[in-house]
file target_14.cif (mmCIF, C-alpha atoms)
data_run
#
loop_
_atom_site.label_atom_id
_atom_site.label_comp_id
_atom_site.auth_asym_id
_atom_site.auth_seq_id
_atom_site.Cartn_x
_atom_site.Cartn_y
_atom_site.Cartn_z
CA MET A 1 -7.68 -28.90 -9.20
CA THR A 2 -7.55 -28.31 -5.44
CA GLU A 3 -6.54 -25.03 -3.84
CA LEU A 4 -3.17 -26.47 -2.80
CA GLU A 5 -2.51 -27.66 -6.35
CA ARG A 6 -3.04 -24.10 -7.60
CA VAL A 7 -0.40 -22.65 -5.26
CA PRO A 8 2.50 -21.29 -7.38
CA PRO A 9 6.13 -22.24 -6.69
CA GLY A 10 7.68 -20.36 -3.79
CA VAL A 11 4.43 -19.99 -1.85
CA ASN A 12 4.00 -21.75 1.49
CA PRO A 13 0.24 -22.47 1.79
CA ARG A 14 0.54 -22.67 5.57
CA VAL A 15 1.88 -19.13 5.99
CA PRO A 16 -0.46 -16.14 5.61
CA SER A 17 0.39 -13.35 3.19
CA SER A 18 -0.52 -9.72 3.86
CA ALA A 19 -1.27 -9.25 0.14
CA ARG A 20 -3.67 -12.21 0.08
CA VAL A 21 -5.36 -11.25 3.37
CA TYR A 22 -5.96 -7.79 1.91
CA ASP A 23 -7.24 -9.38 -1.30
CA TYR A 24 -9.79 -11.37 0.70
CA LEU A 25 -10.93 -8.29 2.62
CA LEU A 26 -11.46 -6.49 -0.70
CA GLY A 27 -13.58 -9.37 -1.96
CA GLY A 28 -10.92 -10.93 -4.19
CA LYS A 29 -10.42 -14.62 -4.93
CA ASP A 30 -6.62 -14.86 -4.99
CA ASN A 31 -6.18 -16.02 -1.42
CA LEU A 32 -5.71 -19.26 0.50
CA ALA A 33 -7.41 -20.86 3.47
CA VAL A 34 -4.67 -19.64 5.80
CA ASP A 35 -5.26 -16.05 4.63
CA ARG A 36 -9.02 -16.30 5.02
CA ALA A 37 -8.55 -17.66 8.55
CA VAL A 38 -6.51 -14.59 9.54
CA ALA A 39 -9.06 -12.25 7.99
CA GLU A 40 -12.03 -13.98 9.62
CA LYS A 41 -10.40 -13.80 13.06
CA LEU A 42 -9.97 -10.08 12.59
CA LEU A 43 -13.50 -9.64 11.25
CA ALA A 44 -14.85 -11.44 14.32
CA VAL A 45 -13.67 -8.57 16.55
CA ALA A 46 -13.63 -5.80 13.93
CA PRO A 47 -16.46 -6.49 11.46
CA ASP A 48 -15.99 -3.12 9.75
CA THR A 49 -12.49 -4.05 8.54
CA ARG A 50 -13.78 -4.77 5.03
CA LEU A 51 -14.95 -1.15 4.85
CA VAL A 52 -11.55 0.01 6.10
CA ALA A 53 -9.82 -2.02 3.38
CA ARG A 54 -12.06 -0.46 0.74
CA ALA A 55 -11.46 3.01 2.19
CA ASN A 56 -7.71 2.44 2.11
CA ARG A 57 -7.91 1.44 -1.54
CA ARG A 58 -10.08 4.47 -2.37
CA PHE A 59 -7.57 6.74 -0.63
CA GLN A 60 -4.76 5.29 -2.75
CA ILE A 61 -6.63 5.66 -6.04
CA GLU A 62 -7.86 9.17 -5.26
CA ALA A 63 -4.39 10.28 -4.21
CA VAL A 64 -2.61 9.08 -7.37
CA GLY A 65 -5.34 10.49 -9.59
CA HIS A 66 -4.99 13.86 -7.86
CA LEU A 67 -1.20 13.82 -8.27
CA ALA A 68 -1.45 12.89 -11.95
CA GLU A 69 -3.77 15.88 -12.41
CA ARG A 70 -1.09 18.03 -10.76
CA GLY A 71 1.49 16.89 -13.31
CA VAL A 72 3.20 13.90 -11.67
CA ARG A 73 4.01 11.33 -14.36
CA GLN A 74 6.05 8.71 -12.45
CA PHE A 75 4.77 6.34 -9.77
CA VAL A 76 6.55 3.68 -7.70
CA ASP A 77 4.09 1.48 -5.80
CA LEU A 78 5.84 -0.38 -2.98
CA GLY A 79 3.93 -3.36 -1.59
CA THR A 80 1.57 -3.44 -4.53
CA GLY A 81 -0.55 -6.39 -3.48
CA ILE A 82 -2.75 -8.42 -5.79
CA PRO A 83 -4.15 -6.25 -8.62
CA THR A 84 -7.53 -4.67 -7.93
CA ALA A 85 -9.55 -2.60 -10.39
CA PRO A 86 -9.01 0.17 -11.06
CA SER A 87 -5.24 -0.27 -11.03
CA ILE A 88 -2.75 2.51 -10.36
CA HIS A 89 -1.61 2.64 -13.97
CA GLU A 90 -5.18 2.66 -15.29
CA THR A 91 -6.03 5.52 -12.95
CA VAL A 92 -3.07 7.77 -13.73
CA ARG A 93 -3.08 7.02 -17.45
CA ALA A 94 -6.70 8.05 -17.64
CA VAL A 95 -5.38 11.48 -16.64
CA HIS A 96 -2.32 11.39 -18.92
CA PRO A 97 -1.22 8.44 -21.08
CA SER A 98 2.49 9.19 -20.61
CA CYS A 99 2.43 8.19 -16.93
CA ARG A 100 4.89 5.44 -16.00
CA VAL A 101 4.35 3.00 -13.14
CA ILE A 102 6.56 0.50 -11.30
CA TYR A 103 4.88 -2.11 -9.10
CA VAL A 104 7.01 -3.70 -6.36
CA ASP A 105 6.04 -6.65 -4.18
CA ASN A 106 7.81 -9.66 -2.65
CA ASP A 107 4.88 -12.09 -3.00
CA PRO A 108 5.16 -14.61 -5.89
CA VAL A 109 1.37 -14.58 -6.30
CA VAL A 110 1.51 -10.84 -6.95
CA ARG A 111 4.28 -11.40 -9.51
CA ARG A 112 2.22 -14.03 -11.32
CA HIS A 113 -0.76 -11.69 -11.64
CA ALA A 114 1.41 -8.76 -12.65
CA GLN A 115 2.97 -10.75 -15.49
CA VAL A 116 -0.48 -11.36 -16.95
CA LEU A 117 -1.84 -7.87 -16.29
CA LEU A 118 1.16 -6.01 -17.69
CA ALA A 119 1.98 -8.22 -20.67
CA ASP A 120 0.81 -5.54 -23.12
CA ALA A 121 1.37 -2.41 -21.04
CA PRO A 122 4.45 -0.45 -22.15
CA GLY A 123 5.63 2.07 -19.61
CA VAL A 124 4.52 -0.17 -16.75
CA ALA A 125 6.63 -2.86 -15.06
CA ALA A 126 6.54 -5.15 -12.04
CA VAL A 127 9.50 -6.02 -9.84
CA GLU A 128 9.62 -8.86 -7.33
CA ALA A 129 11.57 -7.28 -4.49
CA ASP A 130 11.32 -6.43 -0.80
CA LEU A 131 10.97 -2.80 0.23
CA ARG A 132 13.20 -3.62 3.22
CA ARG A 133 16.07 -3.53 0.70
CA PRO A 134 15.54 -0.14 -0.96
CA ALA A 135 18.99 -0.05 -2.57
CA GLU A 136 18.14 -3.16 -4.61
CA ILE A 137 14.85 -1.63 -5.78
CA LEU A 138 16.45 1.67 -6.73
CA ALA A 139 19.15 -0.15 -8.71
CA ASP A 140 16.80 -2.58 -10.46
CA PRO A 141 17.03 -2.17 -14.25
CA HIS A 142 13.22 -2.11 -14.59
CA VAL A 143 13.14 0.83 -12.19
CA THR A 144 16.08 2.71 -13.65
CA GLY A 145 14.73 2.09 -17.14
CA LEU A 146 11.36 3.69 -16.42
CA ILE A 147 11.82 6.13 -13.54
CA ASP A 148 13.90 9.30 -13.77
CA PHE A 149 14.57 10.43 -10.22
CA ASP A 150 15.78 13.78 -11.52
CA GLN A 151 12.09 14.48 -12.18
CA PRO A 152 9.20 14.46 -9.67
CA VAL A 153 8.06 10.99 -8.67
CA CYS A 154 5.31 9.65 -6.44
CA VAL A 155 6.35 6.85 -4.09
CA LEU A 156 3.48 4.87 -2.60
CA MET A 157 3.74 3.03 0.72
CA VAL A 158 0.06 2.32 1.22
CA GLY A 159 -0.76 -0.21 3.94
CA VAL A 160 2.73 -1.68 3.89
CA LEU A 161 5.00 -0.10 6.52
CA HIS A 162 3.04 -1.67 9.38
CA PHE A 163 4.43 -5.01 8.12
CA VAL A 164 7.96 -3.69 8.70
CA MET A 165 9.10 -4.22 12.27
CA ASP A 166 11.01 -1.53 14.17
CA GLN A 167 14.22 -3.57 14.04
CA GLU A 168 13.95 -3.52 10.22
CA ASP A 169 14.33 0.27 10.27
CA PRO A 170 11.17 1.57 8.56
CA LEU A 171 12.34 5.18 9.00
CA GLY A 172 15.54 4.31 7.18
CA ILE A 173 13.55 2.72 4.36
CA VAL A 174 11.49 5.87 3.81
CA ALA A 175 14.63 8.03 4.04
CA ALA A 176 16.39 5.90 1.40
CA PHE A 177 13.67 6.71 -1.11
CA ARG A 178 13.27 10.31 0.02
CA LYS A 179 16.90 11.16 -0.69
CA HIS A 180 16.33 10.16 -4.33
CA MET A 181 13.22 12.36 -4.66
CA VAL A 182 13.49 15.89 -6.03
CA ALA A 183 11.26 18.87 -5.26
CA GLY A 184 7.72 18.27 -6.45
CA SER A 185 7.88 14.59 -5.55
CA HIS A 186 5.27 13.03 -3.27
CA LEU A 187 4.90 10.27 -0.71
CA VAL A 188 1.52 8.53 -0.39
CA LEU A 189 1.38 6.54 2.84
CA SER A 190 -1.15 4.81 5.05
CA HIS A 191 -0.60 2.83 8.24
CA ALA A 192 -2.50 0.77 10.83
CA MET A 193 -2.65 2.77 14.03
CA ALA A 194 -1.96 1.90 17.66
CA GLU A 195 -5.09 3.90 18.48
CA SER A 196 -7.21 1.07 17.00
CA ALA A 197 -9.55 -0.90 19.27
CA PRO A 198 -7.38 -3.01 21.62
CA GLU A 199 -9.27 -6.22 20.78
CA ALA A 200 -8.61 -5.75 17.05
CA VAL A 201 -4.92 -5.12 17.64
CA ALA A 202 -4.62 -8.14 19.93
CA GLN A 203 -6.43 -10.48 17.53
CA LEU A 204 -4.38 -9.46 14.51
CA ARG A 205 -1.12 -9.78 16.42
CA LYS A 206 -2.10 -13.22 17.69
CA ALA A 207 -3.23 -14.48 14.29
CA THR A 208 -0.12 -13.33 12.40
CA ALA A 209 2.69 -13.60 14.97
CA GLY A 210 5.93 -14.77 13.37
CA SER A 211 4.52 -14.65 9.83
CA PRO A 212 5.14 -12.15 7.00
CA ALA A 213 1.69 -10.73 7.76
CA GLN A 214 2.49 -9.70 11.34
CA SER A 215 1.84 -6.03 11.98
CA SER A 216 3.43 -3.28 14.00
CA PHE A 217 0.78 -0.82 15.16
CA ARG A 218 2.34 2.62 15.62
CA THR A 219 1.09 5.79 17.26
CA ARG A 220 0.17 8.87 15.29
CA ALA A 221 3.36 10.60 16.44
CA GLU A 222 5.45 7.64 15.29
CA VAL A 223 3.84 7.46 11.85
CA LEU A 224 4.13 11.20 11.28
CA ARG A 225 7.90 10.79 11.50
CA PHE A 226 7.75 9.01 8.13
CA PHE A 227 6.77 12.36 6.64
CA ASP A 228 9.94 14.11 7.83
CA GLY A 229 11.15 16.19 4.88
CA PHE A 230 7.66 16.37 3.38
CA GLU A 231 4.80 18.80 3.87
CA LEU A 232 1.35 17.22 4.15
CA ILE A 233 -1.15 18.33 1.53
CA GLY A 234 -4.94 18.10 1.39
CA PRO A 235 -6.55 17.31 4.74
CA GLY A 236 -3.26 16.16 6.27
CA PHE A 237 -2.82 12.82 8.02
CA VAL A 238 -6.33 11.52 8.71
CA PRO A 239 -8.33 8.27 8.77
CA VAL A 240 -8.29 6.94 5.21
CA GLN A 241 -12.08 7.06 4.96
CA ASP A 242 -11.89 10.83 5.57
CA TRP A 243 -9.07 11.69 3.15
CA CYS A 244 -10.11 13.86 0.24
CA ALA A 245 -7.93 15.74 -2.23
CA ASP A 246 -10.18 18.79 -1.81
CA PRO A 247 -10.89 19.31 1.92
CA ALA A 248 -13.78 21.62 1.01
CA GLU A 249 -15.58 18.87 -0.93
CA VAL A 250 -18.75 17.57 0.69
CA ARG A 251 -19.06 13.83 0.34
CA VAL A 252 -21.15 10.98 1.73
CA PRO A 253 -19.47 9.42 4.81
CA PHE A 254 -17.80 6.10 4.04
CA MET A 255 -18.88 4.62 7.37
CA ASP A 256 -21.23 5.59 10.17
CA ALA A 257 -18.84 5.25 13.12
CA PRO A 258 -15.09 5.11 13.78
CA PRO A 259 -13.78 1.66 12.79
CA HIS A 260 -12.29 -0.87 15.17
CA LEU A 261 -9.15 -1.12 13.02
CA LEU A 262 -7.96 2.44 12.43
CA VAL A 263 -5.89 3.10 9.32
CA GLU A 264 -4.74 6.66 8.66
CA GLY A 265 -3.19 8.08 5.54
CA GLY A 266 -1.67 11.19 4.07
CA VAL A 267 0.14 12.63 1.08
CA GLY A 268 3.41 14.46 1.58
CA ARG A 269 5.18 16.75 -0.90
CA ILE A 270 8.80 17.79 -1.11
CA ARG A 271 8.82 21.56 -1.41
CA ALA A 272 10.89 23.45 -3.96
#
call {"tool": "encode", "arguments": {"input": "target_14.cif", "output": "structure tokens"}}
result
Amino acid sequence: MTELERVPPGVNPRVPSSARVYDYLLGGKDNLAVDRAVAEKLLAVAPDTRLVARANRRFQIEAVGHLAERGVRQFVDLGTGIPTAPSIHETVRAVHPSCRVIYVDNDPVVRRHAQVLLADAPGVAAVEADLRRPAEILADPHVTGLIDFDQPVCVLMVGVLHFVMDQEDPLGIVAAFRKHMVAGSHLVLSHAMAESAPEAVAQLRKATAGSPAQSSFRTRAEVLRFFDGFELIGPGFVPVQDWCADPAEVRVPFMDAPPHLLVEGGVGRIRA
């Protein structure tokens, strides 16, 4: 069976997907030639991007594990991407088996994998939806059936808001979820930064223009606005390879020099 014959219904093999590009950068196999072409163009000018992708994933896993240890039992992962081990639900349930997780993504390939992965996982569900329409996500019966927004919840927007253009109101999207989050809730967020190397920004914009994988690189000041209403915990908003739940912890550097493609992340908490 050829690669094109394996493409599931609803997927255009000529249009790159941010989830599949990320999968390729992480070393996965659930990607198409068009996705690999985008990734290779970026790697040509920013060869350390694979390390950045891995650091972004480590940041996500470390953050949810830390929050589960602090008592958070509900997680909503927006822009899930193709499953990578360890998964969010595996990570938080290793801390406490009562944790509940909702995965949300608009890519049919992600849905296909989620159906297989979660077939025998009660307390975990996947929703095919677009985070640009938060009201639909918040009203989805899978979400309302698992997540109690009267209790603390962690909402993850890891490596996803830079795929939301300014005219699509990313601040409004974050605010729509924030107004449903009670004290003790958290936002885990990472974003590609305008302070990245100009050649990396230019190449990624050129390779993805007009596609669902096109990116909006924002300045640090712009991204920090997403945390309005939250207080940053841990080391604050920092490059993902430098984020650590315990700022006093001494750890081996993830990379030797600042990367060409800069992705920063942070964890915000709604205070009581």
call {"tool": "residues_near_point", "arguments": {"input": "target_14.cif", "point": "(5.6, 12.9, -4.4)", "cutoff": "7 Å", "atoms": "all atoms listed in the file", "output": "PyMOL selection string"}}
result
chain A and resi 152-155+184-187+268-270
call {"tool": "closest_residue", "arguments": {"input": "target_14.cif", "among": "A:Leu171, A:Val238, A:Val267, A:Leu261", "to": "Ala44 (chain A)", "atoms": "all atoms listed in the file"}}
result
A:Leu261
call {"tool": "resolve_selection", "arguments": {"input": "target_14.cif", "expression": "the PyMOL selection byres ((chain A and resi 178) around 10)", "output": "JSON, numbers by chain"}}
result
{"A": [155, 172, 173, 174, 175, 176, 177, 179, 180, 181, 182, 185, 186, 187, 226, 227, 228, 229, 230, 270]}
call {"tool": "residues_around", "arguments": {"input": "target_14.cif", "residues": "Asp107 (chain A)", "least_positions_apart": "5", "cutoff": "9 Å", "atoms": "only C-alpha atoms", "output": "ChimeraX atom specification"}}
result
/A:10-11,17,19,79,81-82,112,128-130
call {"tool": "atom_distance", "arguments": {"input": "target_14.cif", "atom1": "CA of Ala183 (chain A)", "atom2": "CA of Val240 (chain A)"}}
result
25.2 Å
call {"tool": "residues_around", "arguments": {"input": "target_14.cif", "residues": "region 216-224 of chain A", "least_positions_apart": "5", "cutoff": "10 Å", "atoms": "all atoms listed in the file", "output": "PDB file with C-alpha atoms, keeping the file's coordinate frame"}}
result
ATOM      1  CA  LEU A 161       5.000  -0.100   6.520  1.00  0.00           C
ATOM      2  CA  HIS A 162       3.040  -1.670   9.380  1.00  0.00           C
ATOM      3  CA  PHE A 163       4.430  -5.010   8.120  1.00  0.00           C
ATOM      4  CA  VAL A 164       7.960  -3.690   8.700  1.00  0.00           C
ATOM      5  CA  MET A 165       9.100  -4.220  12.270  1.00  0.00           C
ATOM      6  CA  ASP A 166      11.010  -1.530  14.170  1.00  0.00           C
ATOM      7  CA  PRO A 170      11.170   1.570   8.560  1.00  0.00           C
ATOM      8  CA  LEU A 171      12.340   5.180   9.000  1.00  0.00           C
ATOM      9  CA  LEU A 189       1.380   6.540   2.840  1.00  0.00           C
ATOM     10  CA  SER A 190      -1.150   4.810   5.050  1.00  0.00           C
ATOM     11  CA  HIS A 191      -0.600   2.830   8.240  1.00  0.00           C
ATOM     12  CA  ALA A 192      -2.500   0.770  10.830  1.00  0.00           C
ATOM     13  CA  MET A 193      -2.650   2.770  14.030  1.00  0.00           C
ATOM     14  CA  ALA A 194      -1.960   1.900  17.660  1.00  0.00           C
ATOM     15  CA  GLU A 195      -5.090   3.900  18.480  1.00  0.00           C
ATOM     16  CA  SER A 196      -7.210   1.070  17.000  1.00  0.00           C
ATOM     17  CA  VAL A 201      -4.920  -5.120  17.640  1.00  0.00           C
ATOM     18  CA  LEU A 204      -4.380  -9.460  14.510  1.00  0.00           C
ATOM     19  CA  ARG A 205      -1.120  -9.780  16.420  1.00  0.00           C
ATOM     20  CA  LEU A 232       1.350  17.220   4.150  1.00  0.00           C
ATOM     21  CA  PHE A 237      -2.820  12.820   8.020  1.00  0.00           C
ATOM     22  CA  VAL A 238      -6.330  11.520   8.710  1.00  0.00           C
ATOM     23  CA  LEU A 262      -7.960   2.440  12.430  1.00  0.00           C
ATOM     24  CA  VAL A 263      -5.890   3.100   9.320  1.00  0.00           C
ATOM     25  CA  GLU A 264      -4.740   6.660   8.660  1.00  0.00           C
ATOM     26  CA  GLY A 265      -3.190   8.080   5.540  1.00  0.00           C
ATOM     27  CA  GLY A 266      -1.670  11.190   4.070  1.00  0.00           C
TER      28      GLY A 266
END
call {"tool": "atom_distance", "arguments": {"input": "target_14.cif", "atom1": "CA of Val110 (chain A)", "atom2": "CA of Arg93 (chain A)"}}
result
21.2 Å
call {"tool": "resolve_selection", "arguments": {"input": "target_14.cif", "expression": "the PyMOL selection byres ((chain A and resi 65) around 9)", "output": "ChimeraX atom specification"}}
result
/A:60-64,66-70,88,91-95
call {"tool": "closest_residue", "arguments": {"input": "target_14.cif", "among": "A:Ala85, A:Ala245, A:Val15, A:Met255", "to": "Pro212 (chain A)", "atoms": "only C-alpha atoms"}}
result
A:Val15
call {"tool": "resolve_selection", "arguments": {"input": "target_14.cif", "expression": "the PyMOL selection byres ((chain A and resi 253) around 12)", "output": "mmCIF file with C-alpha atoms, in the coordinates of the input"}}
result
data_model
loop_
_atom_site.group_PDB
_atom_site.id
_atom_site.type_symbol
_atom_site.label_atom_id
_atom_site.label_comp_id
_atom_site.auth_asym_id
_atom_site.auth_seq_id
_atom_site.Cartn_x
_atom_site.Cartn_y
_atom_site.Cartn_z
ATOM 1 C CA LEU A 51 -14.950 -1.150 4.850
ATOM 2 C CA ALA A 55 -11.460 3.010 2.190
ATOM 3 C CA PRO A 239 -8.330 8.270 8.770
ATOM 4 C CA VAL A 240 -8.290 6.940 5.210
ATOM 5 C CA GLN A 241 -12.080 7.060 4.960
ATOM 6 C CA ASP A 242 -11.890 10.830 5.570
ATOM 7 C CA TRP A 243 -9.070 11.690 3.150
ATOM 8 C CA CYS A 244 -10.110 13.860 0.240
ATOM 9 C CA GLU A 249 -15.580 18.870 -0.930
ATOM 10 C CA VAL A 250 -18.750 17.570 0.690
ATOM 11 C CA ARG A 251 -19.060 13.830 0.340
ATOM 12 C CA VAL A 252 -21.150 10.980 1.730
ATOM 13 C CA PHE A 254 -17.800 6.100 4.040
ATOM 14 C CA MET A 255 -18.880 4.620 7.370
ATOM 15 C CA ASP A 256 -21.230 5.590 10.170
ATOM 16 C CA ALA A 257 -18.840 5.250 13.120
ATOM 17 C CA PRO A 258 -15.090 5.110 13.780
#
call {"tool": "atom_distance", "arguments": {"input": "target_14.cif", "atom1": "CA of Ile102 (chain A)", "atom2": "CA of Gln167 (chain A)"}}
result
26.8 Å
call {"tool": "residues_near_point", "arguments": {"input": "target_14.cif", "point": "(-3.9, -16.6, 4.4)", "cutoff": "8 Å", "atoms": "all atoms listed in the file", "output": "list in words"}}
result
Pro13, Arg14, Val15, Pro16, Ser17, Ser18, Arg20, Val21, Asn31, Leu32, Ala33, Val34, Asp35, Arg36, Ala37, Val38 and Ala39 of chain A
call {"tool": "residues_around", "arguments": {"input": "target_14.cif", "residues": "Val76 (chain A)", "least_positions_apart": "2", "cutoff": "12 Å", "atoms": "all atoms listed in the file", "output": "ChimeraX atom specification"}}
result
/A:64,72-74,78-80,88-89,99-105,124-127,131,134,137-138,142-144,146-149,152-158,177,181,185-188
call {"tool": "closest_residue", "arguments": {"input": "target_14.cif", "among": "A:Ala202, A:Asp169, A:Arg132, A:Gly159", "to": "Tyr22 (chain A)", "atoms": "only C-alpha atoms"}}
result
A:Gly159
call {"tool": "residues_around", "arguments": {"input": "target_14.cif", "residues": "Thr84 (chain A)", "least_positions_apart": "6", "cutoff": "10 Å", "atoms": "all atoms listed in the file", "output": "VMD selection string"}}
result
chain A and resid 23 26 to 28 57
call {"tool": "write_last_selection", "arguments": {"input": "target_14.cif", "atoms": "C-alpha atoms", "output": "compact mmCIF listing (two decimals), in the coordinates of the input"}}
result
# COMPACT_ATOMS: atom_id res chain seq x y z
CA ASP A 23 -7.24 -9.38 -1.30
CA LEU A 26 -11.46 -6.49 -0.70
CA GLY A 27 -13.58 -9.37 -1.96
CA GLY A 28 -10.92 -10.93 -4.19
CA ARG A 57 -7.91 1.44 -1.54
call {"tool": "closest_residue", "arguments": {"input": "target_14.cif", "among": "A:Glu199, A:Ala207, A:Gln151, A:Arg133", "to": "Glu168 (chain A)", "atoms": "only C-alpha atoms"}}
result
A:Arg133
call {"tool": "build_atoms", "arguments": {"input": "target_14.cif", "residues": "region 13-26 of chain A", "atoms": "N, CA, C and O atoms", "output": "mmCIF file, in the frame of the given file"}}
result
data_model
loop_
_atom_site.group_PDB
_atom_site.id
_atom_site.type_symbol
_atom_site.label_atom_id
_atom_site.label_comp_id
_atom_site.auth_asym_id
_atom_site.auth_seq_id
_atom_site.Cartn_x
_atom_site.Cartn_y
_atom_site.Cartn_z
ATOM 1 N N PRO A 13 1.684 -22.604 1.546
ATOM 2 C CA PRO A 13 0.240 -22.470 1.790
ATOM 3 C C PRO A 13 -0.138 -22.465 3.256
ATOM 4 O O PRO A 13 -1.299 -22.243 3.585
ATOM 5 N N ARG A 14 0.819 -22.679 4.128
ATOM 6 C CA ARG A 14 0.540 -22.670 5.570
ATOM 7 C C ARG A 14 0.923 -21.365 6.237
ATOM 8 O O ARG A 14 0.755 -21.212 7.440
ATOM 9 N N VAL A 15 1.445 -20.422 5.456
ATOM 10 C CA VAL A 15 1.880 -19.130 5.990
ATOM 11 C C VAL A 15 1.041 -18.028 5.363
ATOM 12 O O VAL A 15 0.984 -17.906 4.133
ATOM 13 N N PRO A 16 0.386 -17.199 6.179
ATOM 14 C CA PRO A 16 -0.460 -16.140 5.610
ATOM 15 C C PRO A 16 0.361 -15.065 4.921
ATOM 16 O O PRO A 16 1.513 -14.806 5.280
ATOM 17 N N SER A 17 -0.228 -14.446 3.928
ATOM 18 C CA SER A 17 0.390 -13.350 3.190
ATOM 19 C C SER A 17 -0.437 -12.092 3.383
ATOM 20 O O SER A 17 -1.665 -12.127 3.243
ATOM 21 N N SER A 18 0.216 -10.984 3.687
ATOM 22 C CA SER A 18 -0.520 -9.720 3.860
ATOM 23 C C SER A 18 -1.251 -9.333 2.578
ATOM 24 O O SER A 18 -2.369 -8.831 2.629
ATOM 25 N N ALA A 19 -0.621 -9.597 1.416
ATOM 26 C CA ALA A 19 -1.270 -9.250 0.140
ATOM 27 C C ALA A 19 -2.542 -10.061 -0.058
ATOM 28 O O ALA A 19 -3.562 -9.547 -0.522
ATOM 29 N N ARG A 20 -2.498 -11.356 0.310
ATOM 30 C CA ARG A 20 -3.670 -12.210 0.080
ATOM 31 C C ARG A 20 -4.757 -11.965 1.131
ATOM 32 O O ARG A 20 -5.941 -12.081 0.826
ATOM 33 N N VAL A 21 -4.366 -11.619 2.358
ATOM 34 C CA VAL A 21 -5.360 -11.250 3.370
ATOM 35 C C VAL A 21 -6.111 -9.997 2.912
ATOM 36 O O VAL A 21 -7.341 -9.923 2.991
ATOM 37 N N TYR A 22 -5.370 -9.031 2.410
ATOM 38 C CA TYR A 22 -5.960 -7.790 1.910
ATOM 39 C C TYR A 22 -6.873 -8.077 0.714
ATOM 40 O O TYR A 22 -7.969 -7.516 0.597
ATOM 41 N N ASP A 23 -6.425 -8.980 -0.157
ATOM 42 C CA ASP A 23 -7.240 -9.380 -1.300
ATOM 43 C C ASP A 23 -8.580 -9.944 -0.838
ATOM 44 O O ASP A 23 -9.636 -9.614 -1.390
ATOM 45 N N TYR A 24 -8.553 -10.777 0.177
ATOM 46 C CA TYR A 24 -9.790 -11.370 0.700
ATOM 47 C C TYR A 24 -10.700 -10.294 1.280
ATOM 48 O O TYR A 24 -11.927 -10.297 1.047
ATOM 49 N N LEU A 25 -10.131 -9.357 2.024
ATOM 50 C CA LEU A 25 -10.930 -8.290 2.620
ATOM 51 C C LEU A 25 -11.570 -7.408 1.552
ATOM 52 O O LEU A 25 -12.660 -6.858 1.760
ATOM 53 N N LEU A 26 -10.910 -7.295 0.402
ATOM 54 C CA LEU A 26 -11.460 -6.490 -0.700
ATOM 55 C C LEU A 26 -12.447 -7.276 -1.554
ATOM 56 O O LEU A 26 -13.009 -6.739 -2.504
#
